[in-house]
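Q: Structure provided below as structure tokens; questions to follow.
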Amino acid sequence: MLTAMLAIGVLAALFGLLLGFSAIRFKVEGDPIVDQIDSLLPQTQCGQCGYAGCRPYAEAIASGEADINQCPPGGEAGIQVLAELLGVDALPLNAEHGEHTEKRVAVIDEQTCIGCTLCIQACPVDAILGAAKQMHTVIESECTGCDLCVPPCPVDCIEMVPVKETISHWKWPYPENTRRSIAAASGEPC
Amino acid sequence: MRRLMVTLLEQPKRIHGGLHLDANKTQSLQQPLRSASVPGQLYIPLSQHIGEAAEPLVEVGDKVLKGQLIARSPGYISAPVHASSSGKVVAIGDYPVPHPSGMHAACIVIATDGEDRPADTRLRMDDVFNADPADIRQRVRDAGIVGLGGAGFPASVKLNPGPDREVDLLVINAAECEPYISCDEALMCSRPQEILDGVRIMRHALNASQVVIGIEDNMPTALVQLQHCLDQTGASDIQLTPVPTIYPAGGEKQLIYALTGEEVPSQGLPIDLGIVCHNVGTAGAIARALTQGEPLISRVVTVTGEGVRQPANLEVRIGTPVADLIEECGGYTDDVARLLMGGPMMGFSLPNDSVPSIKTTNCILAASYRETPQVTAASPCIRCSDCADVCPVSLLPQQLYWYAHARNFDQIQDYNLFDCIECGCCAQVCPSHIPLVQYYRFAKTEIWAMESERQFSDMSRQRHEFRIERLEREKKALEERRAKARKALKPKVGDANAKQAEIAAALQRVKAKKAAQSVGPLNTSDLTEEQRAKIAEVDRRRSSANGQP
């Protein structure tokens, strides 16, 4: 009886120590689900979801505070992957937060720009180059198309233009499975 | 540890799958290889290769000479572009280019002057076989030479195996396996010596121990010509191996397997086995550049099909519009139905004949109605596995189709989508007429687009995080500055106290002084009685005098 109690006691102490050790040694920093959600968001940092950026929105989704359908830049495809990750039903995009549009970039009309730096302060990814009373310009390859620079501009010299499709970005279309048209059968054997 | 040497097989192996197709090469081989005339206008695209597009060095109105550099390569994986003939630059802008999208891209348009005056290119090397391989690579690069087999990968990059890699085997790909295309065969028949020179230059640059030219066994004339050239010099440094004619034996990995029995690893490169593979046309272009000083400004193009009157192989200037080539071959026949660039299996249709022929153009196929595939309704996949039987890469085409159809881009990569060479064998044999290759191409470009989007969003996240960090840092710095400023003020506050104390002390002193002074003038304290009486009398007199002015 005593031996059994001792043995159980020793085992309990051992496992307790092991658990205690692993709790400290293998402690997970931060919330991994937030990182996972954040990695699926488009990182436009536009704030259309009602949060201050993609990461705050990811945190809100993780805590159950926000729905997964508040991100217009991510569109339906973004909702789909979020739904898959979280194991919930995909919802249609909430129209309150805006509509999904094609990728656009900001372009500053350099003739009109007065160099006020307000757009530079608004840009969430530091994609606008310029200084006070100097002409500003958008670094096109880094612009996420978030629209945040447009409202602060006092002279309305910023325009959002759709990204032009080039050959290097061109994608093969989804095949028409019903009939093979001559044009679409370009890669097909005779 | 040193890898084992790659050994060439006595008897080439048969590749997995593949198809026996009607060669249809004789039509274009009836006439000898000839040069196409210089067209009135050359449309030279800036991106004719894999990698970054070249950057123009000329402006509209500039006069250019044949072989003159007109656009430089901005990066390592890129190739410069040269003027194919002398003339004047009349435009730089977007024009139709040969691409399955049918889109326009940046071109330099040259109005030729017909004089064909050459520029001094300084590409020629006098003693090429004693030259430094790095020097050879640089000149191949400067000559704008890219793989002429079809992909257009910069040749100089493939001539550089890397510092710690040895090349056991240089494979020259002369297995032109796709039906209708005969440009390599025509080149071998008419300029065998040039090819052998180029092969030897490549061998020297790569320091390869063995060289083999893999040639399809349905090109006897080319084989005889090359053998004859080798025999004349009595050289046995280059081996000629006929490989069985089967489509697609001319695929890089397929040819390597046929010749050595070794498989290039999935998503790997031949160099992983110590093998480098170059196209036979590339060898010719390298010989031309380094022995004659001519950069890549022309190539052999097969113009064929029932839609053209006199099929032929032509030496074509880069940038020549397809319409000019058709004209050169007697024009269209009445039953032309479709224009393809490349062969019937892997080529793509051209929207019209205004597009130019470029560095990677091996064939212009003007197909008749008879040669054009029937428009057939695709039926559901019946899992017959014919596609898997013919796949030269031993993939599972039906699974790839299934996942591409469902847009399941994770699963499709598990089935090695990116090892697919898009040869079209599976679609050719599919009894349900499913456009399989189109599904694979669709999936590949979708995955690439997703990948680049992911990279962009990662970059945006990083930039956003950096911005937040920067703002916090700036805020902190500002606070620190303010705190410092406040601190700097504090000694002043102390001073003020001290000053106040000083002032107080001074006031005290003044007070004391005043007190002292207020005592001082009273020099009437120790006077005698007599003196006091006198003072009193004077005061009285003064006051009475004051009272009666």
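Labels for the structure tokens follow display order: chains A, B, ..., residues from 1 in each chain, ligands from 1.
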May I have the residues of chain B within 8 Å of chain A, counting only C-alpha atoms, written as a ChimeraX atom specification?

A: /B:99-101,103-105,340,344-349,371-373,375-379,424-425,427-428,434-435,437-439,441-442,445-446,449,457-458,460-461,463-464,467

Q: Got time to write the residues from that selection, N, CA and C atoms, as a short mmCIF file (atom, residue, chain, number, x, y, z; two decimals), in the first residue's frame?

A:
data_model
loop_
_atom_site.label_atom_id
_atom_site.label_comp_id
_atom_site.auth_asym_id
_atom_site.auth_seq_id
_atom_site.Cartn_x
_atom_site.Cartn_y
_atom_site.Cartn_z
N HIS B 99 3.55 36.13 -78.62
CA HIS B 99 3.28 35.66 -77.26
C HIS B 99 1.86 35.11 -77.27
N PRO B 100 1.63 34.02 -76.52
CA PRO B 100 0.28 33.45 -76.54
C PRO B 100 -0.81 34.42 -76.10
N SER B 101 -0.44 35.46 -75.34
CA SER B 101 -1.46 36.41 -74.88
C SER B 101 -1.92 37.32 -76.01
N MET B 103 -0.58 40.04 -76.63
CA MET B 103 -0.42 41.41 -76.15
C MET B 103 0.75 42.11 -76.84
N HIS B 104 0.79 43.41 -76.62
CA HIS B 104 1.88 44.19 -77.17
C HIS B 104 2.98 44.33 -76.13
N ALA B 105 4.21 44.57 -76.61
CA ALA B 105 5.32 44.81 -75.69
C ALA B 105 6.32 45.73 -76.37
N LEU B 340 0.66 29.53 -86.74
CA LEU B 340 1.24 29.15 -85.45
C LEU B 340 2.69 29.58 -85.41
N PRO B 344 3.29 22.19 -84.16
CA PRO B 344 1.88 21.91 -83.89
C PRO B 344 1.62 21.43 -82.46
N MET B 345 2.64 20.90 -81.79
CA MET B 345 2.42 20.38 -80.44
C MET B 345 2.61 21.44 -79.36
N MET B 346 3.66 22.23 -79.50
CA MET B 346 3.98 23.18 -78.42
C MET B 346 3.89 24.63 -78.85
N GLY B 347 3.55 24.88 -80.09
CA GLY B 347 3.48 26.26 -80.57
C GLY B 347 2.22 26.95 -80.08
N PHE B 348 2.11 28.24 -80.41
CA PHE B 348 0.91 28.99 -80.04
C PHE B 348 0.43 29.75 -81.26
N SER B 349 -0.87 30.03 -81.30
CA SER B 349 -1.38 30.68 -82.50
C SER B 349 -1.12 32.17 -82.46
N GLU B 371 -4.91 20.56 -91.45
CA GLU B 371 -3.89 20.43 -90.39
C GLU B 371 -4.35 21.03 -89.06
N THR B 372 -5.50 21.69 -89.07
CA THR B 372 -5.98 22.35 -87.86
C THR B 372 -6.82 21.38 -87.04
N PRO B 373 -6.63 21.38 -85.73
CA PRO B 373 -7.42 20.44 -84.92
C PRO B 373 -8.91 20.72 -85.01
N VAL B 375 -12.60 21.22 -83.84
CA VAL B 375 -13.23 21.77 -82.64
C VAL B 375 -14.12 20.67 -82.08
N THR B 376 -13.71 20.13 -80.95
CA THR B 376 -14.42 18.98 -80.41
C THR B 376 -14.87 19.26 -78.98
N ALA B 377 -16.06 18.85 -78.67
CA ALA B 377 -16.55 19.04 -77.31
C ALA B 377 -15.75 18.13 -76.38
N ALA B 378 -15.34 18.68 -75.26
CA ALA B 378 -14.61 17.87 -74.28
C ALA B 378 -15.61 17.08 -73.45
N SER B 379 -15.33 15.80 -73.28
CA SER B 379 -16.20 14.96 -72.46
C SER B 379 -15.54 14.76 -71.11
N GLY B 424 2.26 18.11 -74.69
CA GLY B 424 0.98 17.92 -75.36
C GLY B 424 0.64 16.48 -75.71
N CYS B 425 1.49 15.53 -75.33
CA CYS B 425 1.21 14.12 -75.65
C CYS B 425 -0.11 13.68 -75.02
N ALA B 427 -2.77 15.39 -74.11
CA ALA B 427 -3.96 15.94 -74.75
C ALA B 427 -4.18 15.29 -76.12
N GLN B 428 -3.07 14.93 -76.76
CA GLN B 428 -3.16 14.31 -78.09
C GLN B 428 -3.88 12.97 -78.02
N ILE B 434 -10.01 16.38 -73.78
CA ILE B 434 -9.87 17.41 -72.75
C ILE B 434 -8.62 18.23 -73.06
N PRO B 435 -8.73 19.53 -73.08
CA PRO B 435 -7.53 20.35 -73.35
C PRO B 435 -6.60 20.35 -72.14
N VAL B 437 -3.28 20.32 -71.56
CA VAL B 437 -2.13 21.22 -71.41
C VAL B 437 -2.59 22.62 -71.00
N GLN B 438 -3.74 23.01 -71.54
CA GLN B 438 -4.26 24.32 -71.16
C GLN B 438 -4.55 24.39 -69.67
N TYR B 439 -5.04 23.28 -69.13
CA TYR B 439 -5.29 23.26 -67.69
C TYR B 439 -3.99 23.41 -66.91
N ARG B 441 -1.19 24.81 -67.97
CA ARG B 441 -0.66 26.17 -68.14
C ARG B 441 -1.44 27.14 -67.26
N PHE B 442 -2.76 26.94 -67.24
CA PHE B 442 -3.60 27.79 -66.39
C PHE B 442 -3.13 27.68 -64.94
N THR B 445 0.40 29.37 -64.31
CA THR B 445 0.42 30.83 -64.22
C THR B 445 -0.35 31.32 -63.00
N GLU B 446 -1.41 30.59 -62.61
CA GLU B 446 -2.13 30.98 -61.39
C GLU B 446 -1.21 30.86 -60.17
N ALA B 449 1.31 33.59 -60.13
CA ALA B 449 0.69 34.87 -59.74
C ALA B 449 0.46 34.90 -58.23
N SER B 457 2.78 40.82 -50.66
CA SER B 457 2.13 41.10 -49.37
C SER B 457 3.12 40.94 -48.22
N ASP B 458 4.06 40.01 -48.36
CA ASP B 458 5.10 39.89 -47.34
C ASP B 458 5.92 41.17 -47.26
N SER B 460 4.93 44.13 -48.17
CA SER B 460 4.10 45.20 -47.63
C SER B 460 4.02 45.09 -46.11
N ARG B 461 3.90 43.84 -45.62
CA ARG B 461 3.82 43.65 -44.18
C ARG B 461 5.09 44.15 -43.51
N ARG B 463 7.20 46.31 -44.68
CA ARG B 463 7.32 47.77 -44.76
C ARG B 463 6.40 48.44 -43.75
N HIS B 464 5.21 47.85 -43.57
CA HIS B 464 4.26 48.42 -42.62
C HIS B 464 4.81 48.28 -41.19
N ARG B 467 7.47 50.68 -40.68
CA ARG B 467 6.95 52.03 -40.51
C ARG B 467 6.48 52.25 -39.07
#

Q: Find the residues around Val336 (chain B) up to 8 Å (only C-alpha atoms counted), leave out those fewer than 3 positions away in its own chain, and share them as a compact mmCIF listing (two decimals) with N, CA and C atoms, in the first residue's frame.

A:
# COMPACT_ATOMS: atom_id res chain seq x y z
N GLU B 306 0.70 23.59 -94.93
CA GLU B 306 -0.01 23.60 -96.21
C GLU B 306 -0.55 24.98 -96.55
N GLY B 307 -0.44 25.88 -95.59
CA GLY B 307 -0.97 27.22 -95.82
C GLY B 307 0.01 28.15 -96.52
N VAL B 308 1.22 27.65 -96.81
CA VAL B 308 2.21 28.50 -97.48
C VAL B 308 2.66 27.78 -98.76
N TYR B 332 0.53 32.94 -99.02
CA TYR B 332 -0.40 31.95 -98.46
C TYR B 332 -1.08 31.18 -99.59
N THR B 333 -1.44 29.94 -99.28
CA THR B 333 -2.32 29.21 -100.18
C THR B 333 -3.76 29.55 -99.82
N ALA B 366 2.01 27.76 -91.10
CA ALA B 366 0.73 28.22 -91.66
C ALA B 366 -0.07 26.96 -91.94
N ALA B 367 -0.99 26.66 -91.03
CA ALA B 367 -1.70 25.39 -91.12
C ALA B 367 -2.94 25.53 -91.98
N SER B 368 -3.22 24.48 -92.76
CA SER B 368 -4.44 24.47 -93.56
C SER B 368 -5.58 23.96 -92.68
N TYR B 369 -6.77 23.95 -93.24
CA TYR B 369 -7.92 23.43 -92.48
C TYR B 369 -7.68 21.98 -92.08

Q: One number please: CA of Lys13 (chain B) to CA of Ala205 (chain B), in Å, one decimal.

A: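 Taking CA of Lys13 (chain B) and CA of Ala205 (chain B), their separation equals 28.6 Å.
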
Q: Restricting the calculation to only C-alpha atoms: of A:Leu118, A:Val155, A:His97, A:Val10, which residue gets closest to Tyr51 (chain A)?

A: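 For Tyr51 (chain A), the nearest of the given residues is A:His97.
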
Q: Work out how far apart CA of Gly102 (chain B) and CA of Thr360 (chain B) are and give it in Å to one decimal.

A: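 One can read the CA of Gly102 (chain B) to CA of Thr360 (chain B) distance as 16.2 Å.
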
Q: Have a look at CA of Pro92 (chain A) and CA of Asn69 (chain A) and let me know their distance in Å, one decimal.

A: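 Going from CA of Pro92 (chain A) over to CA of Asn69 (chain A), I get 6.5 Å.
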